[in-house]
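To be precise, the following lines are start_37.txt, and they hold compact mmCIF, C-alpha atoms.
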# COMPACT_ATOMS: atom_id res chain seq x y z
CA MET T 1 28.26 22.95 -4.06
CA ILE T 2 28.11 21.35 -0.61
CA SER T 3 28.35 17.57 -0.57
CA GLN T 4 25.41 15.81 1.03
CA ALA T 5 27.75 14.17 3.53
CA THR T 6 28.57 17.55 5.07
CA GLN T 7 25.31 19.36 4.36
CA VAL T 8 23.50 20.61 7.43
CA PHE T 9 19.71 20.57 7.35
CA SER T 10 17.45 22.79 9.43
CA THR T 11 15.74 21.37 12.49
CA ASP T 12 12.39 22.14 10.85
CA ASP T 13 13.36 20.18 7.73
CA ILE T 14 14.37 17.23 9.89
CA LYS T 15 11.19 17.46 12.00
CA TRP T 16 8.87 17.48 8.99
CA MET T 17 10.80 14.72 7.22
CA GLN T 18 10.47 12.59 10.34
CA HIS T 19 6.71 13.15 10.13
CA ALA T 20 6.77 12.09 6.45
CA ILE T 21 8.72 8.95 7.44
CA LYS T 22 5.97 8.04 9.92
CA LEU T 23 3.46 8.31 7.08
CA ALA T 24 5.69 6.18 4.86
CA LYS T 25 5.73 3.53 7.56
CA HIS T 26 1.94 3.66 7.66
CA ALA T 27 1.85 3.11 3.89
CA GLU T 28 4.10 0.10 4.34
CA SER T 29 1.80 -1.29 7.05
CA VAL T 30 -1.02 -1.47 4.48
CA ASP T 31 1.30 -3.01 1.87
CA GLU T 32 1.83 0.17 -0.14
CA VAL T 33 5.24 1.38 -1.27
CA PRO T 34 6.50 3.30 1.80
CA VAL T 35 6.37 6.91 0.71
CA GLY T 36 5.01 9.72 2.88
CA ALA T 37 4.42 13.41 2.22
CA VAL T 38 3.73 16.45 4.39
CA LEU T 39 2.67 19.88 3.11
CA VAL T 40 3.61 22.78 5.37
CA LYS T 41 2.98 26.51 5.27
CA ASP T 42 4.56 28.93 7.76
CA ASN T 43 5.91 25.86 9.62
CA GLN T 44 2.34 24.63 10.20
CA LEU T 45 1.04 21.30 8.93
CA ILE T 46 -1.54 21.85 6.19
CA ALA T 47 -1.99 18.30 4.87
CA GLU T 48 -0.34 14.92 4.65
CA GLY T 49 -0.45 11.84 2.49
CA TRP T 50 1.02 8.43 1.90
CA ASN T 51 1.07 6.17 -1.11
CA GLN T 52 -2.39 4.73 -1.80
CA PRO T 53 -2.52 3.59 -5.45
CA ILE T 54 -2.96 -0.09 -4.57
CA THR T 55 -5.51 0.29 -1.78
CA GLY T 56 -7.40 3.00 -3.68
CA ASN T 57 -7.11 1.45 -7.14
CA ASP T 58 -5.87 4.84 -8.28
CA PRO T 59 -2.59 5.18 -10.20
CA THR T 60 -2.46 8.88 -9.31
CA ALA T 61 -2.70 8.34 -5.54
CA HIS T 62 0.97 8.95 -4.86
CA ALA T 63 1.76 10.48 -1.47
CA GLU T 64 2.41 13.91 -2.98
CA VAL T 65 -0.87 14.01 -4.90
CA VAL T 66 -2.84 12.83 -1.87
CA ALA T 67 -1.30 15.64 0.21
CA LEU T 68 -1.87 18.24 -2.52
CA ARG T 69 -5.53 17.26 -2.92
CA ALA T 70 -6.12 17.45 0.83
CA ALA T 71 -4.34 20.82 1.10
CA ALA T 72 -6.33 22.32 -1.77
CA GLN T 73 -9.56 21.35 -0.02
CA ILE T 74 -8.38 22.67 3.34
CA LEU T 75 -7.14 25.98 1.88
CA ASN T 76 -10.04 26.16 -0.59
CA ASN T 77 -7.57 26.95 -3.34
CA TYR T 78 -5.80 24.87 -5.97
CA ARG T 79 -2.81 27.20 -5.75
CA LEU T 80 -0.65 26.26 -2.79
CA VAL T 81 1.75 29.21 -2.87
CA ASP T 82 4.40 29.64 -0.20
CA THR T 83 4.18 25.99 0.84
CA THR T 84 6.83 23.34 1.29
CA LEU T 85 6.28 19.68 0.50
CA TYR T 86 8.34 17.15 2.44
CA ILE T 87 8.51 13.79 0.71
CA THR T 88 10.51 10.70 1.57
CA LEU T 89 11.23 9.90 -2.10
CA GLU T 90 12.11 12.19 -4.98
CA PRO T 91 8.93 13.03 -6.92
CA CYS T 92 8.16 11.29 -10.22
CA ALA T 93 7.20 13.24 -13.37
CA MET T 94 3.47 13.04 -12.59
CA CYS T 95 3.95 14.39 -9.07
CA ALA T 96 6.43 17.03 -10.21
CA GLY T 97 3.84 18.26 -12.72
CA ALA T 98 1.19 18.44 -10.00
CA LEU T 99 3.59 20.34 -7.74
CA MET T 100 4.25 22.81 -10.53
CA HIS T 101 0.55 23.39 -11.21
CA ALA T 102 -0.09 23.86 -7.48
CA ARG T 103 2.70 26.46 -7.35
CA VAL T 104 4.41 24.83 -4.39
CA LYS T 105 7.40 26.96 -3.43
CA ARG T 106 9.79 24.32 -2.11
CA VAL T 107 10.22 20.54 -2.20
CA VAL T 108 12.35 18.72 0.36
CA PHE T 109 12.97 15.05 -0.30
CA GLY T 110 14.89 12.24 1.34
CA ALA T 111 15.89 9.45 -1.05
CA HIS T 112 16.75 9.91 -4.71
CA ASP T 113 14.84 7.89 -7.29
CA PRO T 114 17.37 6.88 -9.96
CA ARG T 115 14.65 5.31 -12.15
CA THR T 116 11.86 7.88 -12.21
CA GLY T 117 13.04 10.90 -10.21
CA ALA T 118 11.94 14.23 -11.67
CA ALA T 119 13.80 16.56 -9.31
CA GLY T 120 17.24 15.93 -10.77
CA SER T 121 17.86 12.17 -10.95
CA VAL T 122 16.28 11.40 -14.36
CA PHE T 123 14.50 14.67 -15.17
CA ASN T 124 14.48 18.04 -13.49
CA ILE T 125 10.94 19.22 -14.05
CA LEU T 126 10.93 21.27 -10.86
CA ASN T 127 13.70 23.55 -12.15
CA SER T 128 12.89 23.53 -15.85
CA THR T 129 13.30 26.97 -17.40
CA GLU T 130 10.85 25.84 -20.09
CA LEU T 131 7.99 26.05 -17.58
CA ASN T 132 6.40 29.12 -16.00
CA HIS T 133 7.21 28.15 -12.41
CA THR T 134 10.25 26.71 -10.69
CA ILE T 135 10.45 25.08 -7.29
CA ASP T 136 13.30 25.27 -4.80
CA ILE T 137 14.67 21.80 -4.08
CA GLU T 138 16.38 20.52 -0.93
CA GLN T 139 17.54 16.94 -1.28
CA GLY T 140 18.93 14.24 0.93
CA VAL T 141 17.17 15.09 4.21
CA LEU T 142 17.30 11.86 6.26
CA GLN T 143 18.28 10.17 3.01
CA GLN T 144 19.62 7.02 4.66
CA GLU T 145 16.45 6.38 6.66
CA CYS T 146 14.17 7.11 3.71
CA GLY T 147 16.19 4.92 1.36
CA THR T 148 16.40 2.05 3.82
CA LEU T 149 12.59 1.97 4.14
CA LEU T 150 12.27 1.50 0.39
CA THR T 151 15.15 -0.96 0.07
CA ASN T 152 13.82 -3.17 2.85
CA PHE T 153 10.27 -3.04 1.48
CA PHE T 154 11.29 -4.22 -1.98
CA ARG T 155 13.73 -6.78 -0.57
CA ASN T 156 10.89 -8.30 1.46
CA LYS T 157 8.59 -8.27 -1.59
CA ARG T 158 11.13 -10.30 -3.58
CA LYS T 159 11.34 -12.99 -0.89

Take the structure from the file and write it as structure tokens.
Amino acid sequence: MISQATQVFSTDDIKWMQHAIKLAKHAESVDEVPVGAVLVKDNQLIAEGWNQPITGNDPTAHAEVVALRAAAQILNNYRLVDTTLYITLEPCAMCAGALMHARVKRVVFGAHDPRTGAAGSVFNILNSTELNHTIDIEQGVLQQECGTLLTNFFRNKRK
């Protein structure tokens, strides 16, 4: 296994994660937890989302779910096969379940979530052999930048 310190990420993975970071910063600007998501197919942007549970009074409006809902409408299909979701924070169990049902092919995330992460940190729903679909996972893309956004947000909230 390659350590994350020496892992080399593709330029496309970096480009799309940078886009997700911009969305996370937008979420932060409206006082939401700074998480952004981008759904891509054939290296083309399909849909994007940022955390909106507070502003939308919707506990399911995580960045991933917002992006999945938009993509399903755009593609006119609830199955989002051969897509990649870029997300600044490791998906939670709810989002991992939605990703599974959508049949997303690949998830690329930045920061690990040691409290609720469902792509390896607490659970590994995305690679569970108990389910009928598994998702390729790439982790740690722009991890420092993604993690710093979250750390600074919560630090400022505690002040």

Write out as number ranges by chain which residues come within 7 Å of range 63-79 of chain T when counting only C-alpha atoms, dropping same-chain ones fewer than 2 positions away.
T: 35-39, 46-51, 60-61, 81, 95, 102-103

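Using only C-alpha atoms, the nearest neighbour of Phe154 in chain T within the list T:Leu45, T:Leu99, T:Ala118, T:Val33 is T:Val33.
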
Find the spatial neighbours of Asn127 in chain T, counting all atoms listed in the file, within a cut-off of 12 Å - ignore same-chain residues fewer than 4 positions away - and output them as a ChimeraX atom specification.
/T:96-97,99-100,105-107,118-120,123,131-138

Quick one: everything within 9 Å of His19 in chain T, counting all atoms listed in the file, minus sequence neighbours fewer than 2 positions away in the same chain. Send it as a ChimeraX atom specification.
/T:14-17,21-24,36-38,86

Expected file: the selected residues, C-alpha atoms, as a short mmCIF file (atom, residue, chain, number, x, y, z; two decimals), in the frame of the given file:
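What ended up in out_34.cif:
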data_model
loop_
_atom_site.label_atom_id
_atom_site.label_comp_id
_atom_site.auth_asym_id
_atom_site.auth_seq_id
_atom_site.Cartn_x
_atom_site.Cartn_y
_atom_site.Cartn_z
CA ILE T 14 14.37 17.23 9.89
CA LYS T 15 11.19 17.46 12.00
CA TRP T 16 8.87 17.48 8.99
CA MET T 17 10.80 14.72 7.22
CA ILE T 21 8.72 8.95 7.44
CA LYS T 22 5.97 8.04 9.92
CA LEU T 23 3.46 8.31 7.08
CA ALA T 24 5.69 6.18 4.86
CA GLY T 36 5.01 9.72 2.88
CA ALA T 37 4.42 13.41 2.22
CA VAL T 38 3.73 16.45 4.39
CA TYR T 86 8.34 17.15 2.44
#

Using only C-alpha atoms, which residue out of T:Gly110, T:Pro34, T:Pro59, T:Pro53 lies closest to Leu89 in chain T?
T:Gly110

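Separating CA of Asn152 in chain T from CA of Thr84 in chain T is a distance of 27.5 Å.
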
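Residues in contact range of Gly56 in chain T, defined as at most 12 Å between all atoms listed in the file, with sequence neighbours fewer than 6 positions away removed, read Ala27, Val30, Asp31, Glu32, Trp50, His62 and Val66 of chain T.
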
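Atom pair CA of Asp42 in chain T / CA of Pro91 in chain T: separated by 22.1 Å.
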
Distance criterion (only C-alpha atoms): nearest to Arg115 in chain T out of T:Ala98, T:Ala20, T:Cys92, T:Leu85
T:Cys92

Please provide the set of residues having any atom within 6 Å of range 140-143 of chain T, restricted to all atoms listed in the file, with same-chain residues fewer than 2 positions apart removed, written as JSON, numbers by chain.
{"T": [110, 111, 145, 146, 147]}

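Between CA of Asp12 in chain T and CA of Asn43 in chain T the interatomic distance comes to 7.6 Å.
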
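Of the listed residues (T:Ala93, T:Ile87, T:Asn156, T:Phe109), T:Ala93 comes nearest to Leu126 in chain T; the distances count all atoms listed in the file.
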
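Proximity ranking of T:Leu80, T:Leu150, T:Val40, T:Ile54 relative to His112 in chain T places T:Leu150 first, based on all atoms listed in the file.
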
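Closest approach to Asn124 in chain T among T:Thr151, T:Gln18, T:Glu90, T:Val8 is made by T:Glu90 (distances from all atoms listed in the file).
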